[in-house]
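Reproduced below: start.txt, with compact mmCIF, C-alpha atoms.
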# COMPACT_ATOMS: atom_id res chain seq x y z
CA MET A 1 71.01 -101.77 -128.10
CA LEU A 2 70.60 -98.27 -129.58
CA ARG A 3 66.88 -98.28 -128.73
CA ILE A 4 67.55 -99.58 -125.22
CA ASN A 5 70.11 -96.84 -124.65
CA LYS A 6 67.64 -94.11 -125.59
CA PRO A 7 64.77 -94.13 -123.07
CA PRO A 8 61.62 -92.07 -123.73
CA GLU A 9 62.00 -88.35 -123.05
CA ASN A 10 59.18 -88.50 -120.48
CA ALA A 11 60.73 -91.43 -118.61
CA PRO A 12 60.71 -91.00 -114.83
CA ARG A 13 64.06 -90.09 -113.32
CA VAL A 14 65.63 -91.77 -110.31
CA ASP A 15 68.51 -90.48 -108.22
CA HIS A 16 71.60 -92.54 -109.04
CA HIS A 17 72.35 -93.06 -105.34
CA ARG A 18 69.05 -94.93 -105.00
CA LEU A 19 69.93 -97.16 -107.94
CA HIS A 20 73.34 -97.79 -106.39
CA ASP A 21 71.79 -98.77 -103.06
CA PHE A 22 69.39 -101.14 -104.83
CA VAL A 23 72.11 -102.92 -106.80
CA LEU A 24 74.29 -103.11 -103.69
CA ALA A 25 71.48 -104.60 -101.58
CA THR A 26 70.57 -107.14 -104.27
CA ALA A 27 74.18 -108.21 -104.73
CA ARG A 28 74.64 -108.63 -100.99
CA THR A 29 71.42 -110.66 -100.77
CA VAL A 30 72.80 -113.28 -103.16
CA GLY A 31 76.11 -113.64 -101.35
CA LEU A 32 78.59 -111.16 -102.80
CA SER A 33 80.97 -109.66 -100.27
CA GLU A 34 80.53 -106.00 -99.37
CA PRO A 35 83.54 -104.80 -101.45
CA ARG A 36 82.51 -106.78 -104.52
CA ALA A 37 78.86 -105.83 -104.21
CA ARG A 38 79.87 -102.18 -103.95
CA LEU A 39 82.20 -102.42 -106.95
CA LEU A 40 79.46 -104.05 -109.02
CA ALA A 41 77.00 -101.32 -108.02
CA ASP A 42 79.57 -98.64 -108.89
CA LEU A 43 80.18 -100.08 -112.34
CA LEU A 44 76.54 -100.75 -113.27
CA VAL A 45 75.24 -97.38 -112.11
CA THR A 46 78.12 -95.57 -113.82
CA ASN A 47 76.90 -97.17 -117.04
CA ASP A 48 73.39 -95.85 -116.30
CA LEU A 49 74.83 -92.39 -115.72
CA ARG A 50 76.64 -92.58 -119.06
CA GLY A 51 73.43 -93.64 -120.78
CA VAL A 52 74.71 -97.17 -121.46
CA PHE A 53 71.53 -98.67 -120.01
CA SER A 54 72.03 -101.96 -121.86
CA HIS A 55 74.87 -102.69 -119.40
CA GLY A 56 73.57 -100.76 -116.41
CA SER A 57 71.62 -101.48 -113.24
CA HIS A 58 69.01 -103.71 -114.90
CA GLN A 59 71.74 -106.35 -115.37
CA ILE A 60 71.59 -107.10 -111.64
CA ALA A 61 68.37 -109.02 -112.35
CA THR A 62 70.25 -111.62 -114.40
CA TYR A 63 73.33 -111.69 -112.19
CA ALA A 64 71.33 -112.15 -108.98
CA ARG A 65 69.49 -115.17 -110.37
CA LEU A 66 72.68 -116.79 -111.67
CA LEU A 67 74.39 -116.30 -108.30
CA ARG A 68 71.38 -117.42 -106.26
CA ASP A 69 70.90 -120.55 -108.37
CA GLY A 70 74.56 -121.57 -108.27
CA GLU A 71 75.17 -120.95 -111.97
CA LEU A 72 77.95 -118.58 -110.88
CA ASN A 73 80.21 -118.58 -107.83
CA SER A 74 79.23 -115.89 -105.32
CA ASP A 75 82.59 -116.07 -103.53
CA PRO A 76 85.21 -116.64 -106.24
CA GLN A 77 88.88 -116.85 -105.34
CA ILE A 78 90.61 -115.13 -108.24
CA LYS A 79 93.92 -116.79 -109.05
CA VAL A 80 96.94 -115.92 -111.15
CA ALA A 81 97.16 -118.75 -113.69
CA ARG A 82 100.17 -117.37 -115.57
CA GLU A 83 102.23 -114.18 -115.34
CA THR A 84 105.21 -112.48 -116.96
CA ALA A 85 106.63 -108.99 -116.70
CA ASN A 86 104.09 -107.67 -119.22
CA SER A 87 101.27 -110.24 -119.23
CA LEU A 88 98.75 -111.64 -116.79
CA LEU A 89 96.28 -114.53 -117.00
CA LEU A 90 93.65 -114.54 -114.25
CA ASP A 91 91.23 -117.36 -113.42
CA GLY A 92 87.87 -115.98 -112.27
CA ASP A 93 86.91 -119.16 -110.35
CA GLY A 94 83.40 -119.22 -111.81
CA GLY A 95 82.32 -115.77 -110.61
CA LEU A 96 81.19 -112.68 -112.46
CA GLY A 97 83.70 -111.41 -115.01
CA TYR A 98 83.79 -107.91 -113.54
CA PHE A 99 86.05 -108.95 -110.69
CA PRO A 100 89.02 -110.53 -112.52
CA SER A 101 88.69 -108.02 -115.37
CA TYR A 102 88.70 -104.97 -113.10
CA GLU A 103 91.43 -106.27 -110.79
CA GLY A 104 93.49 -107.46 -113.74
CA THR A 105 93.24 -104.17 -115.62
CA GLN A 106 94.55 -102.34 -112.55
CA LYS A 107 97.47 -104.76 -112.41
CA ILE A 108 98.43 -104.45 -116.08
CA ILE A 109 98.36 -100.67 -115.80
CA ASP A 110 101.21 -101.10 -113.31
CA LYS A 111 102.95 -103.52 -115.65
CA ALA A 112 102.59 -101.14 -118.60
CA ARG A 113 104.14 -98.36 -116.54
CA ASP A 114 107.24 -100.53 -116.19
CA GLN A 115 107.25 -102.37 -119.52
CA GLY A 116 105.53 -99.94 -121.88
CA ILE A 117 102.81 -102.40 -122.88
CA ALA A 118 100.90 -105.10 -121.00
CA ILE A 119 98.21 -107.65 -121.78
CA LEU A 120 95.54 -109.15 -119.55
CA LEU A 121 93.62 -112.32 -120.31
CA THR A 122 90.85 -113.57 -118.03
CA GLN A 123 89.09 -116.93 -118.05
CA ASN A 124 86.55 -119.05 -116.22
CA HIS A 125 83.99 -116.36 -115.41
CA GLY A 126 80.62 -114.95 -116.39
CA HIS A 127 79.65 -111.65 -118.03
CA PHE A 128 82.22 -108.88 -117.66
CA GLY A 129 79.83 -106.06 -118.54
CA ALA A 130 80.57 -103.19 -120.88
CA ALA A 131 84.03 -103.34 -122.43
CA GLY A 132 84.29 -99.57 -121.99
CA ILE A 133 84.62 -100.01 -118.21
CA TYR A 134 88.12 -101.38 -118.66
CA ALA A 135 89.06 -99.15 -121.59
CA ARG A 136 88.48 -96.07 -119.42
CA LEU A 137 90.68 -97.17 -116.50
CA PRO A 138 94.08 -96.55 -118.19
CA LEU A 139 93.12 -93.13 -119.60
CA GLU A 140 94.39 -91.17 -116.59
CA HIS A 141 97.73 -92.96 -116.93
CA ASP A 142 98.34 -91.69 -120.48
CA MET A 143 97.69 -95.07 -122.06
CA ILE A 144 95.83 -96.30 -125.13
CA THR A 145 93.73 -99.43 -124.72
CA PHE A 146 91.86 -102.19 -126.55
CA VAL A 147 89.34 -104.51 -124.84
CA THR A 148 87.36 -107.50 -126.06
CA SER A 149 85.62 -110.61 -124.77
CA GLY A 150 84.45 -113.99 -126.06
CA HIS A 151 81.99 -116.55 -124.81
CA GLN A 152 81.24 -120.22 -125.28
CA LEU A 153 79.90 -120.97 -128.75
CA ASP A 154 78.15 -124.09 -129.95
CA LEU A 155 78.18 -123.65 -133.72
CA GLN A 156 76.11 -126.16 -135.67
CA PRO A 157 76.05 -126.80 -139.44
CA ASP A 158 73.74 -124.55 -141.48
CA GLU A 159 73.24 -121.98 -138.74
CA PRO A 160 73.39 -118.32 -139.89
CA LEU A 161 76.92 -116.95 -140.30
CA ILE A 162 76.12 -114.22 -137.75
CA ARG A 163 76.38 -116.87 -135.02
CA ALA A 164 80.14 -116.94 -135.56
CA ALA A 165 80.34 -113.37 -134.24
CA GLY A 166 79.18 -114.32 -130.75
CA GLY A 167 78.52 -111.38 -128.44
CA SER A 168 81.28 -109.34 -130.15
CA PRO A 169 82.06 -106.63 -127.53
CA MET A 170 84.92 -104.25 -128.29
CA ALA A 171 86.23 -101.02 -126.80
CA PHE A 172 89.04 -98.66 -127.75
CA SER A 173 90.24 -95.62 -125.83
CA ALA A 174 92.71 -92.75 -126.15
CA PRO A 175 93.08 -89.84 -123.70
CA ALA A 176 92.49 -86.18 -124.40
CA ASP A 177 93.51 -83.30 -122.12
CA GLU A 178 90.79 -80.66 -121.71
CA GLU A 179 88.18 -82.36 -123.90
CA GLU A 180 86.49 -85.70 -123.34
CA SER A 181 88.64 -88.71 -124.17
CA LEU A 182 87.87 -91.12 -126.97
CA VAL A 183 86.00 -94.17 -125.68
CA LEU A 184 84.51 -96.32 -128.42
CA ASP A 185 82.46 -99.10 -126.80
CA PHE A 186 80.27 -101.28 -129.01
CA GLY A 187 79.09 -104.70 -130.04
CA ALA A 188 80.61 -105.35 -133.44
CA ALA A 189 77.64 -107.37 -134.71
CA HIS A 190 74.83 -105.74 -132.71
CA GLY A 191 72.09 -104.51 -134.99
CA LEU A 192 72.54 -107.56 -137.23
CA PHE A 193 71.09 -110.21 -134.94
CA HIS A 194 67.55 -109.82 -136.33
CA SER A 195 67.32 -111.74 -139.58
CA GLU A 196 65.20 -109.17 -141.45
CA THR A 197 67.55 -106.31 -140.57
CA ARG A 198 70.59 -108.41 -141.40
CA GLN A 199 69.17 -109.38 -144.79
CA LYS A 200 68.48 -105.75 -145.70
CA PHE A 201 72.02 -104.70 -144.80
CA ALA A 202 73.47 -107.70 -146.62
CA GLU A 203 71.66 -106.67 -149.78
CA MET A 204 72.69 -103.01 -149.54
CA ALA A 205 76.23 -103.36 -148.17
CA PRO A 206 77.45 -106.97 -147.92
CA GLY A 207 80.99 -105.83 -147.14
CA LEU A 208 79.73 -103.94 -144.09
CA VAL A 209 77.96 -107.04 -142.77
CA LEU A 210 80.99 -109.24 -143.35
CA ARG A 211 83.27 -106.72 -141.59
CA CYS A 212 80.97 -106.72 -138.56
CA ILE A 213 80.96 -110.51 -138.43
CA GLY A 214 84.73 -110.53 -138.92
CA MET A 215 85.22 -108.19 -135.96
CA GLY A 216 83.04 -110.52 -133.90
CA GLU A 217 85.29 -113.40 -134.90
CA VAL A 218 88.27 -111.38 -133.63
CA CYS A 219 86.45 -111.03 -130.30
CA GLN A 220 85.84 -114.76 -130.14
CA SER A 221 89.38 -115.78 -131.08
CA TRP A 222 91.23 -113.22 -128.94
CA GLY A 223 88.89 -113.07 -125.95
CA GLY A 224 87.42 -116.57 -126.15
CA LEU A 225 89.60 -119.24 -127.73
CA LEU A 226 92.79 -117.75 -126.28
CA ALA A 227 91.12 -117.80 -122.86
CA GLY A 228 90.50 -121.53 -123.13
CA LEU A 229 86.94 -121.61 -124.49
CA THR A 230 86.99 -124.55 -126.87
CA MET A 231 84.83 -125.00 -129.96
CA ASP A 232 83.28 -128.09 -128.35
CA PRO A 233 81.23 -127.08 -125.27
CA ALA A 234 81.49 -130.64 -123.96
CA THR A 235 85.21 -130.14 -123.35
CA SER A 236 84.77 -126.91 -121.41
CA PRO A 237 86.78 -127.20 -118.17
CA TRP A 238 84.74 -124.76 -116.10
CA THR A 239 82.92 -125.98 -113.01
CA TYR A 240 80.15 -123.33 -112.98
CA PRO A 241 77.70 -123.37 -115.90
CA GLY A 242 77.56 -119.58 -116.12
CA ALA A 243 81.35 -119.23 -116.28
CA ASP A 244 81.42 -119.38 -120.06
CA GLN A 245 83.37 -116.24 -120.94
CA GLY A 246 86.87 -114.84 -121.24
CA ALA A 247 88.24 -111.35 -121.84
CA MET A 248 91.32 -109.51 -123.05
CA VAL A 249 92.71 -106.05 -122.26
CA ILE A 250 95.77 -104.60 -124.01
CA THR A 251 97.14 -101.24 -122.90
CA PHE A 252 100.29 -99.31 -123.76
CA ARG A 253 101.97 -96.03 -122.89
CA ILE A 254 101.71 -93.15 -125.32
CA ASP A 255 105.31 -92.17 -124.62
CA LEU A 256 106.54 -95.24 -126.47
CA PHE A 257 105.84 -93.20 -129.59
CA ALA A 258 105.03 -89.58 -128.72
CA ASP A 259 105.04 -86.96 -125.99
CA PRO A 260 101.80 -87.60 -124.05
CA ALA A 261 101.07 -83.91 -123.50
CA ALA A 262 101.45 -83.12 -127.19
CA PHE A 263 99.32 -86.12 -128.15
CA LYS A 264 96.52 -85.12 -125.79
CA LYS A 265 96.53 -81.55 -127.13
CA GLU A 266 96.11 -82.95 -130.64
CA MET A 267 93.27 -85.10 -129.34
CA ASP A 268 91.64 -81.96 -127.91
CA GLU A 269 91.81 -80.28 -131.30
CA TYR A 270 90.47 -83.43 -132.98
CA VAL A 271 87.46 -83.47 -130.63
CA ARG A 272 86.77 -79.77 -131.26
CA ARG A 273 86.94 -80.12 -135.02
CA ILE A 274 84.64 -83.14 -134.96
CA SER A 275 82.10 -81.14 -132.95
CA ARG A 276 81.92 -78.63 -135.81
CA LEU A 277 81.18 -81.25 -138.47
CA GLN A 278 77.70 -81.86 -139.83
CA PRO A 279 76.02 -84.61 -137.76
CA LEU A 280 74.36 -87.66 -139.27
CA ASP A 281 70.73 -87.37 -140.28
CA GLY A 282 68.55 -87.74 -137.22
CA PHE A 283 71.22 -86.46 -134.82
CA ASP A 284 71.55 -82.95 -133.41
CA GLU A 285 75.29 -82.92 -132.75
CA ALA A 286 78.54 -84.53 -133.82
CA HIS A 287 80.66 -86.14 -131.11
CA MET A 288 83.77 -88.23 -130.86
CA PRO A 289 82.88 -91.58 -129.23
CA GLY A 290 82.66 -91.02 -125.50
CA GLY A 291 81.58 -87.39 -125.75
CA ILE A 292 77.84 -87.92 -125.63
CA GLU A 293 78.24 -90.36 -122.71
CA ALA A 294 80.17 -87.73 -120.74
CA LEU A 295 77.41 -85.17 -121.36
CA ARG A 296 74.77 -87.65 -120.28
CA MET A 297 76.68 -88.37 -117.09
CA GLN A 298 76.59 -84.70 -116.12
CA GLN A 299 72.87 -84.48 -116.85
CA HIS A 300 71.92 -87.71 -115.14
CA ARG A 301 73.90 -86.84 -112.02
CA SER A 302 71.95 -83.64 -111.60
CA ASP A 303 68.52 -84.59 -112.99
CA GLY A 304 68.36 -88.30 -112.21
CA VAL A 305 68.70 -91.40 -114.35
CA PRO A 306 65.79 -91.83 -116.82
CA LEU A 307 64.28 -95.31 -116.58
CA GLY A 308 62.42 -96.66 -119.59
CA GLU A 309 59.48 -99.02 -119.11
CA TRP A 310 61.59 -102.16 -119.72
CA HIS A 311 64.14 -100.91 -117.14
CA GLN A 312 61.46 -100.27 -114.53
CA LYS A 313 59.91 -103.70 -115.04
CA ARG A 314 63.25 -105.45 -114.65
CA LEU A 315 63.99 -103.68 -111.37
CA GLN A 316 60.42 -104.21 -110.10
CA GLN A 317 60.63 -107.95 -110.81
CA THR A 318 63.99 -108.15 -109.07
CA ALA A 319 62.73 -106.23 -106.04
CA LYS A 320 59.76 -108.57 -105.70
CA GLU A 321 61.85 -111.70 -106.21
CA PHE A 322 64.43 -110.74 -103.58
CA ASP A 323 62.06 -108.95 -101.19
CA LEU A 324 63.59 -105.49 -101.63
CA PRO A 325 61.99 -102.07 -102.10
CA VAL A 326 62.13 -100.65 -105.60
CA PRO A 327 64.56 -97.72 -105.76
CA TRP A 328 61.97 -95.07 -106.63
CA GLU A 329 59.68 -95.74 -103.66

Go ahead and render the structure in this file as C-alpha cells.
Amino acid sequence: MLRINKPPENAPRVDHHRLHDFVLATARTVGLSEPRARLLADLLVTNDLRGVFSHGSHQIATYARLLRDGELNSDPQIKVARETANSLLLDGDGGLGYFPSYEGTQKIIDKARDQGIAILLTQNHGHFGAAGIYARLPLEHDMITFVTSGHQLDLQPDEPLIRAAGGSPMAFSAPADEEESLVLDFGAAHGLFHSETRQKFAEMAPGLVLRCIGMGEVCQSWGGLLAGLTMDPATSPWTYPGADQGAMVITFRIDLFADPAAFKKEMDEYVRRISRLQPLDGFDEAHMPGGIEALRMQQHRSDGVPLGEWHQKRLQQTAKEFDLPVPWE
C-alpha cells in the first residue's frame, strides 16, 4: 500500500473535479442513484486528494463491475436492524459499505452528543473504503473515534497464520485546534501479506508480526463476527455474494473526561513538537498521522492529483468497459 500511495514524481496530474465527474458518471452508469453516486465520488476523490490512492478513484473499477454483475445491490434499502439510545446496527441490504457506514456514523454522532458515547455496527454490505473516512467525521464535533471492519473468512487447516488477520483496516482520530488533527488510518497486517517479507520480519521481530496479526484479529472479531459474519461461509445469510463485510465505529465526547478546548490546545502542541523531531531514515519530515495527508490535499487541489501508471490503466480500462471518456482527455 505504501508504494501505491506514493506515485512517481513525474506522474501526470489530473484536476480532481475531472476525477470526480468520472467516478460519478461510472457510478450512475451501473445504477447508483444520483445522491449515492455523488457521495461515492466525493469520498473516493477525497482519498486521492489526501494521497490515499489505494482507496481512491481507481476503486470505482471494482465497484462498477460488482454492481453491474449483480454481485452487489445497486439500490440498497438501508434498514435499522437494532437500535438503543447509544448504539445502532444497520443492514446494508447487499450494497456498498460506504452508504450504511457513512449514514450510520452521522447518526451516532448525534447519539454521542446526547449520551456521551455511541457505537455503530454495520452488516450485509460490500467494501466500506478507507476507515479514515469515518474517523474524520466526528472530529469537528470534539469527539475521539475508533473504526474497524471485518470480512468473510474461509480459514482452512495449515494456511499461513497471516490469513487470520483478514483485511485488518483500522483508524483512530483525535481533534486538534489550529494544527491538523490526528487521523491514523492503516491496515494492521498490510506489508506482511507477501511471504518473503513476512518471513524476514518474523525472523527479525516476531513480536511485531504477531502484534500485527493480533490487531487484524481484533478487526475480524469486532467488525466481522459481531456483524454476523460466521466462520463457516456456507452459513452466511447475505443474499448478494459481494456483501461479505461488516464495520464498527465507536465515538465519544472529549468532555466526558476533559475540557475540549484545553485538550485540543495540547494536541496542537503535541503536533508542533512532533514536527521538530528527527524523521525516520528515508523521510524528510516528521508528522503526526494525518498531517502529511492534509499537506497533500492542499497540493493536489492546486496542482492536480498525480496518477501513477497503475492508476491510469485502471481508469482507462473502466472508461473503455463502460463507454466513458477518460478524465484526462

* Residues within 10 Å of Ala11 in chain A, only C-alpha atoms, excluding chain neighbours under 2 positions, as a PyMOL selection string -> chain A and resi 7-9+13-14+305-309+312

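The residue that comes closest to Ala112 in chain A, out of A:Ile60, A:Ile250, A:Ala262, A:Leu96 and on the basis of all atoms listed in the file, is A:Ile250.
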
* Structure fact -> With distances taken over all atoms listed in the file, the candidate from A:Lys313, A:Arg301, A:His194, A:Arg68 nearest Asp15 in chain A is A:Arg301

Find the axis-aligned box for range 75-91 of chain A, covering all its listed atoms and adding 6 Å on each side, and write its centre and edge lengths in Å to one decimal as AutoDock Vina command-line options.
--center_x 94.6 --center_y -113.2 --center_z -111.4 --size_x 36.0 --size_y 23.1 --size_z 27.7

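Comparing the minimum interatomic distances between Leu66 in chain A and each of A:Leu40, A:Gly150, A:Phe172, A:Gly95, counting only C-alpha atoms, we find that A:Gly95 sits nearest.
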
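Among the candidates A:Arg28, A:Arg273, A:His55, A:Arg38, the one nearest to Leu324 in chain A when counting only C-alpha atoms is A:Arg28.
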
* Asked: If we count only C-alpha atoms, what is near Gly167 in chain A at a cut-off of 10 Å, once residues fewer than 3 positions away on the same chain are taken out, given as a ChimeraX atom specification?
  -> /A:148-153,163-164,170,187-190,193,216-217,219-220

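Counting from CA of Gly70 in chain A, the distance to CA of Ala25 in chain A is 18.5 Å.
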
Incomplete range 276-301 of chain A brought to N, CA and C atoms, written out as a PDB file, in the frame of the given file:
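Result went into selection_23.pdb, see below:
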ATOM      1  N   ARG A 276      82.375 -79.621-134.840  1.00  0.00           N
ATOM      2  CA  ARG A 276      81.920 -78.630-135.810  1.00  0.00           C
ATOM      3  C   ARG A 276      81.515 -79.252-137.148  1.00  0.00           C
ATOM      4  N   LEU A 277      81.604 -80.568-137.244  1.00  0.00           N
ATOM      5  CA  LEU A 277      81.180 -81.250-138.470  1.00  0.00           C
ATOM      6  C   LEU A 277      79.665 -81.419-138.493  1.00  0.00           C
ATOM      7  N   GLN A 278      79.133 -81.656-139.685  1.00  0.00           N
ATOM      8  CA  GLN A 278      77.700 -81.860-139.830  1.00  0.00           C
ATOM      9  C   GLN A 278      77.327 -83.234-139.282  1.00  0.00           C
ATOM     10  N   PRO A 279      76.388 -83.305-138.335  1.00  0.00           N
ATOM     11  CA  PRO A 279      76.020 -84.610-137.760  1.00  0.00           C
ATOM     12  C   PRO A 279      75.259 -85.473-138.758  1.00  0.00           C
ATOM     13  N   LEU A 280      75.162 -86.746-138.458  1.00  0.00           N
ATOM     14  CA  LEU A 280      74.360 -87.660-139.270  1.00  0.00           C
ATOM     15  C   LEU A 280      72.897 -87.255-139.223  1.00  0.00           C
ATOM     16  N   ASP A 281      72.173 -87.625-140.258  1.00  0.00           N
ATOM     17  CA  ASP A 281      70.730 -87.370-140.280  1.00  0.00           C
ATOM     18  C   ASP A 281      70.084 -88.009-139.052  1.00  0.00           C
ATOM     19  N   GLY A 282      69.227 -87.248-138.404  1.00  0.00           N
ATOM     20  CA  GLY A 282      68.550 -87.740-137.220  1.00  0.00           C
ATOM     21  C   GLY A 282      69.257 -87.427-135.921  1.00  0.00           C
ATOM     22  N   PHE A 283      70.454 -86.834-136.013  1.00  0.00           N
ATOM     23  CA  PHE A 283      71.220 -86.460-134.820  1.00  0.00           C
ATOM     24  C   PHE A 283      71.390 -84.946-134.778  1.00  0.00           C
ATOM     25  N   ASP A 284      71.434 -84.403-133.583  1.00  0.00           N
ATOM     26  CA  ASP A 284      71.550 -82.950-133.410  1.00  0.00           C
ATOM     27  C   ASP A 284      72.989 -82.466-133.365  1.00  0.00           C
ATOM     28  N   GLU A 285      73.901 -83.331-132.940  1.00  0.00           N
ATOM     29  CA  GLU A 285      75.290 -82.920-132.750  1.00  0.00           C
ATOM     30  C   GLU A 285      76.240 -83.995-133.237  1.00  0.00           C
ATOM     31  N   ALA A 286      77.483 -83.586-133.476  1.00  0.00           N
ATOM     32  CA  ALA A 286      78.540 -84.530-133.820  1.00  0.00           C
ATOM     33  C   ALA A 286      79.482 -84.662-132.631  1.00  0.00           C
ATOM     34  N   HIS A 287      79.786 -85.884-132.258  1.00  0.00           N
ATOM     35  CA  HIS A 287      80.660 -86.140-131.110  1.00  0.00           C
ATOM     36  C   HIS A 287      81.686 -87.203-131.474  1.00  0.00           C
ATOM     37  N   MET A 288      82.866 -87.097-130.889  1.00  0.00           N
ATOM     38  CA  MET A 288      83.770 -88.230-130.860  1.00  0.00           C
ATOM     39  C   MET A 288      83.193 -89.271-129.908  1.00  0.00           C
ATOM     40  N   PRO A 289      83.383 -90.581-130.163  1.00  0.00           N
ATOM     41  CA  PRO A 289      82.880 -91.580-129.230  1.00  0.00           C
ATOM     42  C   PRO A 289      83.327 -91.311-127.800  1.00  0.00           C
ATOM     43  N   GLY A 290      82.394 -91.325-126.897  1.00  0.00           N
ATOM     44  CA  GLY A 290      82.660 -91.020-125.500  1.00  0.00           C
ATOM     45  C   GLY A 290      82.156 -89.646-125.094  1.00  0.00           C
ATOM     46  N   GLY A 291      82.020 -88.747-126.071  1.00  0.00           N
ATOM     47  CA  GLY A 291      81.580 -87.390-125.750  1.00  0.00           C
ATOM     48  C   GLY A 291      80.147 -87.311-125.292  1.00  0.00           C
ATOM     49  N   ILE A 292      79.251 -87.990-126.007  1.00  0.00           N
ATOM     50  CA  ILE A 292      77.840 -87.920-125.630  1.00  0.00           C
ATOM     51  C   ILE A 292      77.614 -88.608-124.286  1.00  0.00           C
ATOM     52  N   GLU A 293      78.380 -89.681-123.999  1.00  0.00           N
ATOM     53  CA  GLU A 293      78.240 -90.360-122.710  1.00  0.00           C
ATOM     54  C   GLU A 293      78.671 -89.445-121.567  1.00  0.00           C
ATOM     55  N   ALA A 294      79.717 -88.656-121.782  1.00  0.00           N
ATOM     56  CA  ALA A 294      80.170 -87.730-120.740  1.00  0.00           C
ATOM     57  C   ALA A 294      79.123 -86.648-120.473  1.00  0.00           C
ATOM     58  N   LEU A 295      78.474 -86.161-121.535  1.00  0.00           N
ATOM     59  CA  LEU A 295      77.410 -85.170-121.360  1.00  0.00           C
ATOM     60  C   LEU A 295      76.222 -85.766-120.609  1.00  0.00           C
ATOM     61  N   ARG A 296      75.878 -86.988-120.962  1.00  0.00           N
ATOM     62  CA  ARG A 296      74.770 -87.650-120.280  1.00  0.00           C
ATOM     63  C   ARG A 296      75.072 -87.849-118.801  1.00  0.00           C
ATOM     64  N   MET A 297      76.326 -88.159-118.488  1.00  0.00           N
ATOM     65  CA  MET A 297      76.680 -88.370-117.090  1.00  0.00           C
ATOM     66  C   MET A 297      76.440 -87.103-116.271  1.00  0.00           C
ATOM     67  N   GLN A 298      76.825 -85.961-116.817  1.00  0.00           N
ATOM     68  CA  GLN A 298      76.590 -84.700-116.120  1.00  0.00           C
ATOM     69  C   GLN A 298      75.094 -84.476-115.902  1.00  0.00           C
ATOM     70  N   GLN A 299      74.315 -84.709-116.947  1.00  0.00           N
ATOM     71  CA  GLN A 299      72.870 -84.480-116.850  1.00  0.00           C
ATOM     72  C   GLN A 299      72.210 -85.446-115.889  1.00  0.00           C
ATOM     73  N   HIS A 300      72.567 -86.712-115.977  1.00  0.00           N
ATOM     74  CA  HIS A 300      71.920 -87.710-115.140  1.00  0.00           C
ATOM     75  C   HIS A 300      72.315 -87.588-113.668  1.00  0.00           C
ATOM     76  N   ARG A 301      73.510 -87.086-113.403  1.00  0.00           N
ATOM     77  CA  ARG A 301      73.900 -86.840-112.020  1.00  0.00           C
ATOM     78  C   ARG A 301      73.029 -85.766-111.379  1.00  0.00           C
TER      79      ARG A 301
END
